[in-house]
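Peer 1: Input structure: query.txt, which contains compact mmCIF, C-alpha atoms.
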# COMPACT_ATOMS: atom_id res chain seq x y z
CA MET A 2 21.90 -8.76 -13.02
CA PHE A 3 19.88 -5.58 -13.67
CA ASP A 4 17.09 -6.75 -11.32
CA THR A 5 19.59 -7.43 -8.53
CA LEU A 6 21.27 -4.05 -8.99
CA LEU A 7 17.87 -2.32 -9.08
CA THR A 8 16.84 -4.09 -5.88
CA ILE A 9 20.01 -3.07 -4.05
CA ILE A 10 19.92 0.56 -5.18
CA SER A 11 16.20 1.04 -4.53
CA PHE A 12 16.49 -0.65 -1.12
CA VAL A 13 19.35 1.64 -0.06
CA ILE A 14 17.50 4.76 -1.31
CA VAL A 15 14.13 3.92 0.28
CA LEU A 16 15.62 2.77 3.57
CA GLY A 17 17.92 5.80 3.59
CA ILE A 18 14.98 8.19 3.21
CA LEU A 19 12.95 6.49 5.97
CA VAL A 20 15.89 6.41 8.38
CA PHE A 21 16.92 9.98 7.53
CA PHE A 22 13.53 11.36 8.55
CA HIS A 23 13.44 9.16 11.64
CA GLU A 24 16.80 10.42 12.84
CA LEU A 25 15.95 13.97 11.77
CA GLY A 26 13.07 13.85 14.24
CA HIS A 27 15.42 12.83 17.05
CA TYR A 28 17.99 15.45 16.02
CA TRP A 29 15.56 18.35 15.70
CA VAL A 30 13.78 17.79 19.02
CA ALA A 31 17.04 17.04 20.86
CA ARG A 32 18.56 20.32 19.69
CA ARG A 33 15.37 22.20 20.68
CA ASN A 34 15.76 20.78 24.17
CA GLY A 35 19.42 21.70 24.55
CA ILE A 36 20.74 18.16 24.05
CA VAL A 37 24.02 17.99 22.16
CA VAL A 38 23.91 15.72 19.09
CA GLU A 39 27.50 14.69 18.48
CA GLU A 40 26.95 12.85 15.18
CA PHE A 41 24.15 12.50 12.64
CA GLY A 42 24.98 9.42 10.59
CA LEU A 43 23.39 7.67 7.63
CA GLY A 44 24.31 4.01 7.69
CA TYR A 45 26.17 2.28 10.50
CA PRO A 46 29.94 2.60 11.23
CA PRO A 47 32.65 2.27 10.20
CA ARG A 48 32.57 5.83 8.92
CA ALA A 49 33.03 6.29 5.19
CA LEU A 50 32.92 10.07 4.92
CA LYS A 51 32.39 13.15 7.06
CA LEU A 52 30.13 15.42 5.00
CA PHE A 53 30.27 18.57 7.13
CA ARG A 54 29.94 19.90 10.67
CA TYR A 55 27.00 22.09 11.69
CA ASP A 56 26.15 23.55 15.09
CA GLY A 57 28.39 21.08 16.90
CA THR A 58 27.18 18.01 14.99
CA ASP A 59 29.20 15.92 12.55
CA PHE A 60 27.09 14.76 9.57
CA THR A 61 28.52 11.52 8.21
CA LEU A 62 28.04 8.67 5.74
CA ASN A 63 28.86 5.19 6.99
CA TRP A 64 29.68 1.94 5.22
CA LEU A 65 26.77 -0.24 6.38
CA PRO A 66 23.71 1.17 4.54
CA PHE A 67 21.05 -0.48 6.72
CA GLY A 68 20.10 2.28 9.12
CA GLY A 69 21.28 5.49 10.71
CA PHE A 70 21.68 7.24 14.02
CA ALA A 71 21.67 10.57 15.84
CA ARG A 72 24.30 10.03 18.55
CA MET A 73 23.55 12.24 21.52
CA LYS A 74 26.03 13.20 24.18
CA GLY A 75 26.13 10.65 27.02
CA GLU A 76 23.15 8.68 25.68
CA ASP A 77 24.37 5.26 26.87
CA ALA A 78 26.70 6.31 29.67
CA GLY A 79 26.54 7.96 33.07
CA ASP A 80 27.36 11.40 31.67
CA MET A 81 25.20 13.93 33.54
CA THR A 82 27.03 17.05 32.35
CA PRO A 83 25.04 19.90 30.74
CA GLY A 84 24.01 19.12 27.18
CA SER A 85 23.99 15.35 27.69
CA PHE A 86 20.90 13.26 27.04
CA ASN A 87 20.84 11.95 30.61
CA ALA A 88 21.01 15.47 32.07
CA ALA A 89 17.82 16.51 30.25
CA SER A 90 14.43 16.47 31.95
CA ARG A 91 12.08 13.49 31.63
CA GLY A 92 9.85 15.44 29.26
CA ALA A 93 12.76 16.47 27.05
CA ARG A 94 14.10 12.91 26.88
CA ALA A 95 10.65 11.45 26.16
CA ALA A 96 9.93 14.04 23.43
CA THR A 97 13.33 13.40 21.82
CA LEU A 98 12.76 9.64 21.78
CA PHE A 99 9.21 9.88 20.48
CA ALA A 100 10.15 12.36 17.75
CA GLY A 101 11.76 9.68 15.54
CA PRO A 102 8.68 7.44 15.28
CA ALA A 103 6.45 10.54 15.05
CA MET A 104 8.43 11.72 12.03
CA ASN A 105 7.95 8.32 10.38
CA PHE A 106 4.21 8.49 11.03
CA LEU A 107 4.12 11.93 9.37
CA LEU A 108 6.19 10.63 6.47
CA ALA A 109 3.81 7.67 6.07
CA ILE A 110 0.87 10.08 5.85
CA VAL A 111 2.63 12.12 3.16
CA LEU A 112 3.64 9.02 1.19
CA PHE A 113 0.15 7.50 1.38
CA ALA A 114 -1.26 10.82 0.17
CA ALA A 115 1.31 11.05 -2.63
CA SER A 116 0.43 7.53 -3.81
CA LEU A 117 -3.23 8.53 -4.04
CA MET A 118 -2.51 11.78 -5.87
CA ALA A 119 -0.14 10.10 -8.34
CA GLY A 120 -2.70 7.38 -9.09
CA SER A 121 -3.89 4.40 -7.08
CA PRO A 122 -6.01 1.36 -8.01
CA ILE A 123 -9.73 1.51 -7.27
CA PRO A 124 -12.60 -0.84 -8.21
CA THR A 125 -14.39 0.41 -11.31
CA GLY A 126 -17.25 -0.36 -13.64
CA SER A 127 -18.66 0.80 -16.96
CA PRO A 128 -21.59 3.22 -16.49
CA ARG A 129 -25.08 1.95 -17.35
CA LEU A 130 -27.18 5.06 -17.74
CA ASP A 131 -30.36 4.91 -15.64
CA VAL A 132 -31.52 8.55 -15.97
CA VAL A 133 -30.13 10.40 -18.98
CA SER A 134 -29.15 14.04 -18.56
CA PRO A 135 -29.68 16.64 -21.29
CA ALA A 136 -25.95 16.53 -22.03
CA ALA A 137 -26.12 12.74 -22.52
CA ALA A 138 -29.30 12.99 -24.59
CA ALA A 139 -27.59 15.56 -26.83
CA LEU A 140 -25.00 12.88 -27.65
CA GLY A 141 -27.75 10.44 -28.58
CA LEU A 142 -27.48 8.30 -25.45
CA GLN A 143 -30.57 6.57 -24.06
CA PRO A 144 -31.62 5.10 -20.68
CA GLY A 145 -30.18 1.59 -20.34
CA ASP A 146 -27.13 2.32 -22.50
CA VAL A 147 -23.83 0.96 -21.19
CA VAL A 148 -21.00 3.30 -22.15
CA VAL A 149 -18.22 0.82 -22.87
CA ALA A 150 -15.34 2.66 -24.55
CA TYR A 151 -14.18 5.90 -26.13
CA ASN A 152 -11.95 5.60 -29.19
CA GLY A 153 -11.37 1.95 -28.33
CA ALA A 154 -10.17 2.65 -24.75
CA PRO A 155 -12.41 1.32 -21.93
CA LEU A 156 -14.34 4.06 -20.13
CA ARG A 157 -14.50 3.30 -16.41
CA THR A 158 -16.05 5.03 -13.41
CA PRO A 159 -15.44 4.39 -9.68
CA LEU A 160 -17.55 1.55 -8.34
CA PHE A 161 -18.49 3.69 -5.36
CA ALA A 162 -19.27 7.37 -5.86
CA ASP A 163 -16.44 9.64 -4.72
CA ASP A 164 -16.13 13.13 -6.17
CA SER A 165 -12.48 13.32 -5.09
CA LEU A 166 -11.49 10.48 -7.47
CA MET A 167 -10.73 10.84 -11.16
CA VAL A 168 -10.11 7.65 -13.13
CA ILE A 169 -6.98 7.93 -15.27
CA GLY A 170 -8.00 7.10 -18.82
CA GLN A 171 -6.23 4.47 -20.89
CA SER A 172 -4.64 5.40 -24.21
CA ALA A 173 -7.03 5.37 -27.14
CA THR A 174 -6.58 2.64 -29.73
CA ASP A 175 -8.07 4.71 -32.57
CA ASN A 176 -8.93 8.35 -33.29
CA LEU A 177 -12.46 8.10 -34.64
CA GLN A 178 -14.02 10.22 -31.85
CA GLN A 179 -16.76 7.74 -31.15
CA LEU A 180 -18.31 5.90 -28.23
CA SER A 181 -18.88 2.18 -28.10
CA VAL A 182 -22.25 1.66 -26.43
CA LEU A 183 -24.10 -1.53 -25.48
CA ARG A 184 -27.78 -0.93 -26.27
CA GLN A 185 -30.37 -3.68 -25.84
CA GLY A 186 -27.71 -6.37 -26.16
CA ARG A 187 -26.08 -4.91 -29.27
CA LEU A 188 -22.85 -2.92 -29.56
CA ILE A 189 -23.31 0.33 -31.47
CA THR A 190 -21.11 3.38 -32.04
CA VAL A 191 -22.08 6.96 -31.27
CA PRO A 192 -20.13 9.89 -32.75
CA VAL A 193 -18.90 12.45 -30.22
CA ASN A 194 -16.80 15.62 -30.34
CA SER A 195 -14.47 15.08 -27.39
CA VAL A 196 -13.80 12.96 -24.34
CA ASP A 197 -14.75 15.93 -22.16
CA ALA A 198 -18.23 15.84 -23.67
CA VAL A 199 -18.44 12.14 -22.85
CA TRP A 200 -17.42 12.61 -19.20
CA ASN A 201 -19.84 15.54 -18.84
CA ALA A 202 -22.65 13.39 -20.23
CA VAL A 203 -21.86 10.48 -17.90
CA ARG A 204 -21.31 12.48 -14.72
CA SER A 205 -24.43 14.56 -15.19
CA SER A 206 -26.55 11.40 -15.59
CA GLU A 207 -27.60 8.82 -13.01
CA TYR A 208 -25.86 5.53 -13.67
CA THR A 209 -25.05 2.10 -12.23
CA PRO A 210 -21.56 0.58 -12.68
CA VAL A 211 -21.55 -2.76 -14.56
CA LEU A 212 -18.76 -4.87 -16.07
CA MET A 213 -17.26 -4.75 -12.59
CA THR A 214 -16.20 -8.38 -11.96
CA GLN A 215 -13.33 -10.18 -13.62
CA VAL A 216 -12.05 -13.75 -13.49
CA THR A 217 -8.54 -13.97 -12.00
CA GLY A 218 -8.10 -17.75 -11.65
CA ILE A 219 -9.56 -21.05 -12.86
CA ALA A 220 -9.57 -24.27 -10.81
CA GLU A 221 -8.49 -27.52 -12.45
CA ALA A 222 -11.30 -29.79 -13.73
CA SER A 223 -13.90 -27.17 -12.79
CA PRO A 224 -17.00 -26.22 -14.81
CA ALA A 225 -15.28 -22.93 -15.67
CA GLN A 226 -12.27 -24.73 -17.11
CA ARG A 227 -14.40 -27.16 -19.10
CA VAL A 228 -16.34 -24.39 -20.87
CA GLY A 229 -13.25 -22.31 -21.58
CA LEU A 230 -13.47 -19.40 -19.18
CA LEU A 231 -10.12 -17.61 -18.91
CA PRO A 232 -8.40 -15.30 -16.42
CA GLY A 233 -9.12 -11.72 -17.48
CA ASP A 234 -12.69 -12.43 -18.62
CA ILE A 235 -15.03 -9.68 -17.39
CA VAL A 236 -18.53 -10.92 -16.49
CA TYR A 237 -21.36 -8.66 -17.65
CA ALA A 238 -24.48 -10.74 -16.93
CA VAL A 239 -25.87 -14.09 -15.77
CA ASP A 240 -28.93 -15.21 -17.74
CA GLY A 241 -29.35 -11.62 -18.92
CA ILE A 242 -29.25 -10.17 -15.38
CA GLU A 243 -26.45 -7.63 -15.06
CA VAL A 244 -23.79 -8.15 -12.40
CA THR A 245 -23.82 -5.08 -10.13
CA THR A 246 -23.05 -4.28 -6.51
CA ASP A 247 -26.70 -5.09 -5.69
CA THR A 248 -26.69 -8.33 -7.72
CA PRO A 249 -23.12 -9.70 -7.41
CA LEU A 250 -21.91 -12.67 -9.45
CA ASN A 251 -21.70 -15.11 -6.52
CA GLN A 252 -25.32 -14.40 -5.58
CA LEU A 253 -26.61 -14.86 -9.14
CA VAL A 254 -24.69 -18.14 -9.47
CA SER A 255 -25.76 -19.44 -6.02
CA ASP A 256 -29.41 -18.95 -6.99
CA ARG A 257 -28.92 -21.29 -9.98
CA LEU A 258 -26.89 -24.23 -8.64
CA GLY A 259 -27.27 -27.34 -10.80
CA GLN A 260 -28.93 -25.35 -13.59
CA GLU A 261 -27.33 -24.37 -16.88
CA ILE A 262 -26.73 -20.63 -17.01
CA VAL A 263 -25.56 -18.24 -19.70
CA LEU A 264 -22.64 -15.97 -18.81
CA THR A 265 -22.22 -12.87 -20.92
CA ILE A 266 -18.56 -11.92 -20.80
CA VAL A 267 -16.11 -9.51 -22.41
CA ARG A 268 -12.77 -10.97 -23.49
CA ASP A 269 -10.20 -8.67 -25.11
CA GLY A 270 -12.98 -6.37 -26.31
CA GLU A 271 -15.06 -9.23 -27.74
CA TRP A 272 -18.51 -10.06 -26.31
CA LEU A 273 -19.18 -13.76 -25.76
CA GLN A 274 -21.94 -15.92 -24.31
CA ILE A 275 -20.82 -19.06 -22.50
CA ARG A 276 -23.10 -21.79 -21.14
CA VAL A 277 -22.03 -23.46 -17.88
CA THR A 278 -23.65 -25.43 -15.05
CA PRO A 279 -22.65 -24.41 -11.48
CA ARG A 280 -21.89 -27.35 -9.18
CA VAL A 281 -24.20 -28.06 -6.28
CA ASP A 282 -21.46 -29.58 -4.12
CA PRO A 283 -18.06 -28.18 -5.21
CA PRO A 284 -14.72 -29.16 -3.63
CA PRO A 285 -13.73 -27.03 -0.61
CA GLY A 286 -12.44 -23.58 -1.54
CA GLN A 287 -13.41 -23.77 -5.23
CA GLY A 288 -16.95 -22.45 -5.44
CA ALA A 289 -19.72 -23.52 -7.77
CA LEU A 290 -17.98 -22.45 -10.98
CA GLY A 291 -14.39 -22.97 -9.85
CA VAL A 292 -13.28 -19.39 -10.47
CA GLN A 293 -11.46 -16.75 -8.49
CA ILE A 294 -12.88 -13.30 -9.06
CA SER A 295 -12.00 -9.72 -8.19
CA THR A 296 -13.12 -6.22 -9.02
CA VAL A 297 -11.87 -4.61 -12.22
CA ASN A 298 -9.29 -2.17 -10.90
CA ARG A 299 -8.13 0.95 -12.69
CA MET A 300 -5.84 3.78 -11.63
CA ALA A 301 -7.44 6.94 -10.27
CA SER A 302 -5.99 10.16 -8.88
CA MET A 303 -7.20 12.09 -5.84
CA ASN A 304 -7.05 15.76 -4.92
CA LEU A 305 -4.67 17.04 -2.22
CA LEU A 306 -6.94 17.54 0.80
CA PRO A 307 -8.87 14.25 0.54
CA ALA A 308 -5.58 12.48 -0.22
CA LEU A 309 -4.03 13.84 2.99
CA TRP A 310 -7.05 12.76 5.01
CA ASN A 311 -6.88 9.30 3.45
CA GLY A 312 -3.17 9.28 4.33
CA VAL A 313 -4.06 9.84 7.98
CA VAL A 314 -6.72 7.11 7.87
CA SER A 315 -4.43 4.63 6.08
CA THR A 316 -1.59 5.22 8.55
CA GLY A 317 -3.92 4.82 11.51
CA SER A 318 -5.51 1.70 10.04
CA TYR A 319 -2.13 0.09 9.43
CA ALA A 320 -0.99 0.90 12.97
CA MET A 321 -4.16 -0.63 14.42
CA LEU A 322 -3.73 -3.75 12.28
CA VAL A 323 -0.18 -4.26 13.58
CA LEU A 324 -1.32 -3.76 17.18
CA GLN A 325 -4.17 -6.26 16.67
CA LEU A 326 -1.87 -8.82 15.04
CA PRO A 327 -1.21 -10.93 18.18
CA MET A 328 -4.94 -11.21 18.87
CA LEU A 329 -5.72 -12.06 15.23
CA LEU A 330 -3.09 -14.82 15.38
CA PHE A 331 -4.50 -16.15 18.64
CA GLN A 332 -8.04 -16.17 17.21
CA GLY A 333 -6.87 -17.91 14.04
CA GLN A 334 -8.11 -15.13 11.77
CA ILE A 335 -4.71 -15.00 10.09
CA SER A 336 -2.08 -17.71 9.74
CA PRO A 337 1.50 -17.48 11.05
CA GLU A 338 2.69 -17.49 7.42
CA GLU A 339 0.58 -14.40 6.67
CA ALA A 340 1.98 -12.60 9.73
CA GLN A 341 5.57 -13.52 8.95
CA VAL A 342 8.12 -10.82 9.82
CA SER A 343 10.51 -9.75 7.05
CA GLY A 344 14.16 -8.86 7.51
CA PRO A 345 16.43 -6.75 5.30
CA VAL A 346 16.48 -9.36 2.52
CA GLY A 347 12.71 -9.76 2.41
CA ILE A 348 12.16 -6.01 2.53
CA ALA A 349 14.74 -5.49 -0.21
CA GLN A 350 12.92 -8.03 -2.39
CA MET A 351 9.62 -6.22 -1.90
CA ILE A 352 11.16 -2.82 -2.60
CA GLY A 353 12.87 -4.16 -5.74
CA GLY A 354 9.57 -5.60 -6.96
CA ALA A 355 7.77 -2.32 -6.28
CA MET A 356 10.42 -0.31 -8.11
CA SER A 357 10.26 -2.68 -11.08
CA ALA A 358 6.46 -2.31 -11.18
CA THR A 359 6.83 1.48 -11.03
CA ILE A 360 9.21 1.43 -13.98
CA ASP A 361 7.10 -1.06 -15.98
CA THR A 362 3.73 0.68 -15.47
CA GLY A 363 4.83 4.30 -15.30
CA PHE A 364 2.87 4.78 -12.07
CA TRP A 365 4.58 5.77 -8.81
CA PHE A 366 1.93 3.96 -6.73
CA PRO A 367 3.89 0.73 -5.99
CA ILE A 368 7.03 2.31 -4.56
CA LEU A 369 5.18 5.17 -2.81
CA ARG A 370 2.63 2.83 -1.23
CA LEU A 371 5.22 0.32 -0.05
CA SER A 372 7.43 3.12 1.30
CA ALA A 373 4.45 4.48 3.25
CA VAL A 374 3.80 1.06 4.79
CA LEU A 375 7.48 0.63 5.66
CA SER A 376 7.61 4.10 7.25
CA ALA A 377 4.60 3.30 9.43
CA ALA A 378 6.12 -0.09 10.27
CA LEU A 379 9.41 1.57 11.26
CA ALA A 380 7.52 3.92 13.58
CA ILE A 381 5.54 1.13 15.24
CA THR A 382 8.57 -1.17 15.57
CA ASN A 383 10.62 1.55 17.25
CA LEU A 384 7.83 2.19 19.76
CA LEU A 385 7.83 -1.42 20.95
CA PRO A 386 8.95 -1.54 24.62
CA LEU A 387 12.13 -3.47 23.84
CA PRO A 388 15.67 -2.57 24.98
CA ALA A 389 17.70 -0.49 22.49
CA LEU A 390 14.54 0.69 20.70
CA ASP A 391 12.93 4.08 21.30
CA GLY A 392 10.04 2.31 22.99
CA GLY A 393 12.43 0.56 25.39
CA ARG A 394 14.01 3.86 26.38
CA LEU A 395 10.57 5.40 26.81
CA LEU A 396 9.71 2.47 29.08
CA PHE A 397 12.60 3.40 31.38
CA ILE A 398 11.33 6.98 31.54
CA PHE A 399 7.88 5.66 32.43
CA ILE A 400 9.41 3.52 35.20
CA GLU A 401 11.32 6.57 36.38
CA THR A 402 8.06 8.52 36.56
CA ILE A 403 6.33 5.78 38.57
CA ARG A 404 9.27 5.23 40.97
CA GLY A 405 10.11 8.88 41.39
CA ARG A 406 13.76 8.18 40.66
CA ARG A 407 15.60 6.96 37.61
CA VAL A 408 17.33 3.71 36.90
CA SER A 409 21.11 4.11 36.93
CA PRO A 410 22.16 5.38 33.46
CA GLU A 411 25.03 2.86 33.45
CA ARG A 412 22.65 -0.02 34.16
CA GLU A 413 20.13 1.22 31.60
CA GLY A 414 22.91 1.57 29.02
CA LEU A 415 24.05 -2.00 29.66
CA ILE A 416 20.50 -3.30 29.22
CA HIS A 417 20.15 -1.45 25.92
CA MET A 418 23.52 -2.82 24.75
CA ILE A 419 22.41 -6.39 25.50
CA GLY A 420 19.07 -5.72 23.85
CA PHE A 421 20.79 -4.38 20.75
CA ALA A 422 22.91 -7.53 20.51
CA LEU A 423 19.81 -9.70 20.81
CA LEU A 424 18.04 -7.65 18.13
CA LEU A 425 21.02 -8.13 15.81
CA GLY A 426 20.83 -11.87 16.45
CA LEU A 427 17.12 -11.86 15.62
CA MET A 428 17.82 -9.87 12.47
CA LEU A 429 20.45 -12.42 11.43
CA PHE A 430 18.00 -15.29 12.00
CA ILE A 431 15.28 -13.58 9.95
CA THR A 432 17.79 -12.81 7.19
CA VAL A 433 18.86 -16.47 6.96
CA ARG A 434 15.21 -17.52 6.80
CA ASP A 435 14.49 -14.95 4.07
CA LEU A 436 17.44 -16.23 2.02
CA SER A 437 16.19 -19.82 2.25
CA SER A 438 12.57 -19.03 1.38
CA ALA A 439 10.88 -17.92 -1.82
CA PRO A 440 11.26 -14.23 -2.75
CA GLN A 441 8.59 -12.01 -1.20
CA THR A 442 6.73 -10.23 -3.99
CA ILE A 443 3.44 -8.44 -4.62
CA ASP A 444 1.57 -8.75 -7.92
CA TRP A 445 1.40 -5.01 -8.47
CA ALA A 446 0.30 -5.27 -12.11
CA ARG A 447 -2.83 -7.27 -11.23
CA LEU A 448 -3.56 -5.03 -8.25
CA MET A 449 -3.35 -1.97 -10.49
CA GLY A 450 -5.38 -3.49 -13.32
CA GLN A 451 -2.48 -3.13 -15.74
Let me see the file written as structure tokens.

Peer 2:
Amino acid sequence: MFDTLLTIISFVIVLGILVFFHELGHYWVARRNGIVVEEFGLGYPPRALKLFRYDGTDFTLNWLPFGGFARMKGEDAGDMTPGSFNAASRGARAATLFAGPAMNFLLAIVLFAASLMAGSPIPTGSPRLDVVSPAAAALGLQPGDVVVAYNGAPLRTPLFADDSLMVIGQSATDNLQQLSVLRQGRLITVPVNSVDAVWNAVRSSEYTPVLMTQVTGIAEASPAQRVGLLPGDIVYAVDGIEVTTDTPLNQLVSDRLGQEIVLTIVRDGEWLQIRVTPRVDPPPGQGALGVQISTVNRMASMNLLPALWNGVVSTGSYAMLVLQLPMLLFQGQISPEEAQVSGPVGIAQMIGGAMSATIDTGFWFPILRLSAVLSAALAITNLLPLPALDGGRLLFIFIETIRGRRVSPEREGLIHMIGFALLLGLMLFITVRDLSSAPQTIDWARLMGQ
């Protein structure tokens, strides 16, 4: 019951925020161009409540909480009187229509940036010191040491150097002020004064990330299953050779097919050595050991300016991916199931899952990240050249520019009305499909390394 209520409430809030900013873009640019906005509504009619009236516009709440609107004077009729949408210039109409998606693009950038600043998952490793700085030497650290943990909490650094990232430390399990260090195959402890001294020692040294690959799945009847490998195991070395970005696990295993190897792993803080023989001819999709692997992700925060730039890049990358989707489907690079469109039910399920993950982990990343994706998706969808959408209306302005005269507003309004009805039918079909299929969820905890 609680999960259902959480899903409904979070869906209404997230969708309300995205739609509010979309319609705010239309409203703001319309007013700047002298177009009268008769009503600014959250949700679809029937009207539930008139909040207030400002500058000739009624601001309302409506009963159907699945969208919103900024109703402009004469938008879908032949009204050509001053202040109507149709009486405005081509440039004013185009700017007003584009402002909604543009606002969602801007919101996506801000939300992507906020998710990075609040903490987002990045691939990490434990630092193996290659060149020891004076600060590290003062702590008693030596070249070749792997700094594993501080006060029982794993100490992780970004897998790829980025000064704008700061890994968010896990809570200590003791208060002994000591480092756990792997030195020449043995775990030792080194006394230290503070975690700041540890980070200063690590960052001032040259190091290589290790302990960077974890097992996430085990195939049935595979060598990995037979020798007792488990999801969550972190692989340190193969036959004494450390797994790094230069010597990844799959390469080390591929070089030893059919030969018994020794995997050095960490399982729940315990170091183990497991002997296993990689298969020469494994079943399709299983690999020589029969394991699924991924990087060891941890949460890291980013400073404002690089986060904003990454927000721009992430929004642009998502937009390009959506635009390339038809070609990727045609080329078979993604399956129709992977490209499946979600309706309100599917989106609500994803939002509910993200909100649950945010509550469970204490990190805002799931709901901020998903909201950013949905905002970008709302912008792109509305720019599609389909009747009733902003892109469809922009298409009529483009045709008007090419022809030198506009399509009859009455005829255009009729086309948009028919298009809206068809879109509602499509939405109903997608909703029925979502209800009959498995809930759409994302494993946020695994993604975040929690």

Peer 1: Env of Leu177 of chain A: 10 Å cut, atoms = only C-alpha atoms, seq-sep filter 6 positions within chain, self excluded. Answer as an mmCIF file with C-alpha atoms, in the coordinates of the input.

Peer 2:
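Once written, part.cif looks like this:
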data_model
loop_
_atom_site.group_PDB
_atom_site.id
_atom_site.type_symbol
_atom_site.label_atom_id
_atom_site.label_comp_id
_atom_site.auth_asym_id
_atom_site.auth_seq_id
_atom_site.Cartn_x
_atom_site.Cartn_y
_atom_site.Cartn_z
ATOM 1 C CA TYR A 151 -14.180 5.900 -26.130
ATOM 2 C CA ASN A 152 -11.950 5.600 -29.190
ATOM 3 C CA GLY A 153 -11.370 1.950 -28.330
ATOM 4 C CA PRO A 192 -20.130 9.890 -32.750
ATOM 5 C CA VAL A 193 -18.900 12.450 -30.220
ATOM 6 C CA ASN A 194 -16.800 15.620 -30.340
#

Peer 1: Calculated over all atoms listed in the file, which of the candidates A:Leu16, A:Ala115, A:Ala162, A:Val297 has the smallest distance to Leu212 of chain A?

Peer 2: A:Val297

Peer 1: Give me, please, the distance in Å between atom CA of Val374 of chain A and atom CA of Arg394 of chain A, quoted to one decimal.

Peer 2: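 Atom CA of Arg394 of chain A lies 24.0 Å from atom CA of Val374 of chain A.
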
Peer 1: In terms of the shortest atom-to-atom distance over all atoms listed in the file, which of A:Thr5, A:Thr316, A:Gln350, A:Thr248 is closest to Met213 of chain A?

Peer 2: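 Closest to Met213 of chain A, using all atoms listed in the file: A:Thr248.
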
Peer 1: Name the residues in contact with Thr190 of chain A at a cut-off of 6 Å, using only C-alpha atoms, excluding same-chain residues fewer than 2 positions from it; report them as a PyMOL selection string.

Peer 2: chain A and resi 180-182

Peer 1: Only C-alpha atoms, please: the residues just picked out, written as an mmCIF file, in the frame of the given file.

Peer 2:
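Okay, part_38.cif is ready:
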data_model
loop_
_atom_site.group_PDB
_atom_site.id
_atom_site.type_symbol
_atom_site.label_atom_id
_atom_site.label_comp_id
_atom_site.auth_asym_id
_atom_site.auth_seq_id
_atom_site.Cartn_x
_atom_site.Cartn_y
_atom_site.Cartn_z
ATOM 1 C CA LEU A 180 -18.310 5.900 -28.230
ATOM 2 C CA SER A 181 -18.880 2.180 -28.100
ATOM 3 C CA VAL A 182 -22.250 1.660 -26.430
#

Peer 1: Could you give me, as a Markdown table, every segment 61-131 of chain A residue with an atom at most 12 Å from segment 234-244 of chain A, plus its closest atom pair and distance in Å to one decimal, counting all atoms listed in the file, rows ordered by chain then number?

Peer 2:
| residue | atom | partner | partner_atom | distance |
| --- | --- | --- | --- | --- |
| A:Thr125 | CA | A:Ile235 | CA | 11.8 |
| A:Gly126 | CA | A:Tyr237 | CA | 10.1 |
| A:Ser127 | CA | A:Tyr237 | CA | 9.9 |
| A:Pro128 | CA | A:Tyr237 | CA | 11.9 |
| A:Arg129 | CA | A:Glu243 | CA | 9.9 |

Peer 1: Calculated over only C-alpha atoms, which of the candidates A:Ser205, A:Ser315, A:Ser376, A:Ser357 has the smallest distance to Val15 of chain A?

Peer 2: A:Ser376

Peer 1: For Gly354 of chain A, which residue among A:Asp444, A:Asp131, A:Asp59, A:Glu39 is the nearest when counting all atoms listed in the file?

Peer 2: A:Asp444

Peer 1: Which is closer to Gln185 of chain A than all the others in A:Ala220, A:Ala198, A:Val147, A:Val168, using all atoms listed in the file?

Peer 2: A:Val147

Peer 1: If I take atom CA of Leu371 of chain A and atom CA of Asp391 of chain A, how far is one from the other in Å, to one decimal?

Peer 2: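 A separation of 23.0 Å between them.
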
Peer 1: With distances taken over all atoms listed in the file, which of A:Leu369, A:Val346, A:Met351, A:Val111 is nearest to Val433 of chain A?

Peer 2: A:Val346

Peer 1: What's the 7 Å shell around Pro224 of chain A, counting all atoms listed in the file, without same-chain residues fewer than 3 positions away, as a PyMOL selection string?

Peer 2: chain A and resi 227-228+277-279+290-291

Peer 1: So that I can check the surroundings of Phe397 of chain A, please list as a ChimeraX atom specification every protein, DNA and RNA residue that reaches within 12 Å of it, counting only C-alpha atoms and ignoring chain neighbours fewer than 4 positions away.

Peer 2: /A:87,91,94-95,98,386-393,401-410,412-414,416-417

Peer 1: Go ahead and save the residues from that selection, with C-alpha atoms, as a short mmCIF file (atom, residue, chain, number, x, y, z; two decimals), in the coordinates of the input.

Peer 2:
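Writing the result to result.cif gives the following:
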data_model
loop_
_atom_site.label_atom_id
_atom_site.label_comp_id
_atom_site.auth_asym_id
_atom_site.auth_seq_id
_atom_site.Cartn_x
_atom_site.Cartn_y
_atom_site.Cartn_z
CA ASN A 87 20.84 11.95 30.61
CA ARG A 91 12.08 13.49 31.63
CA ARG A 94 14.10 12.91 26.88
CA ALA A 95 10.65 11.45 26.16
CA LEU A 98 12.76 9.64 21.78
CA PRO A 386 8.95 -1.54 24.62
CA LEU A 387 12.13 -3.47 23.84
CA PRO A 388 15.67 -2.57 24.98
CA ALA A 389 17.70 -0.49 22.49
CA LEU A 390 14.54 0.69 20.70
CA ASP A 391 12.93 4.08 21.30
CA GLY A 392 10.04 2.31 22.99
CA GLY A 393 12.43 0.56 25.39
CA GLU A 401 11.32 6.57 36.38
CA THR A 402 8.06 8.52 36.56
CA ILE A 403 6.33 5.78 38.57
CA ARG A 404 9.27 5.23 40.97
CA GLY A 405 10.11 8.88 41.39
CA ARG A 406 13.76 8.18 40.66
CA ARG A 407 15.60 6.96 37.61
CA VAL A 408 17.33 3.71 36.90
CA SER A 409 21.11 4.11 36.93
CA PRO A 410 22.16 5.38 33.46
CA ARG A 412 22.65 -0.02 34.16
CA GLU A 413 20.13 1.22 31.60
CA GLY A 414 22.91 1.57 29.02
CA ILE A 416 20.50 -3.30 29.22
CA HIS A 417 20.15 -1.45 25.92
#
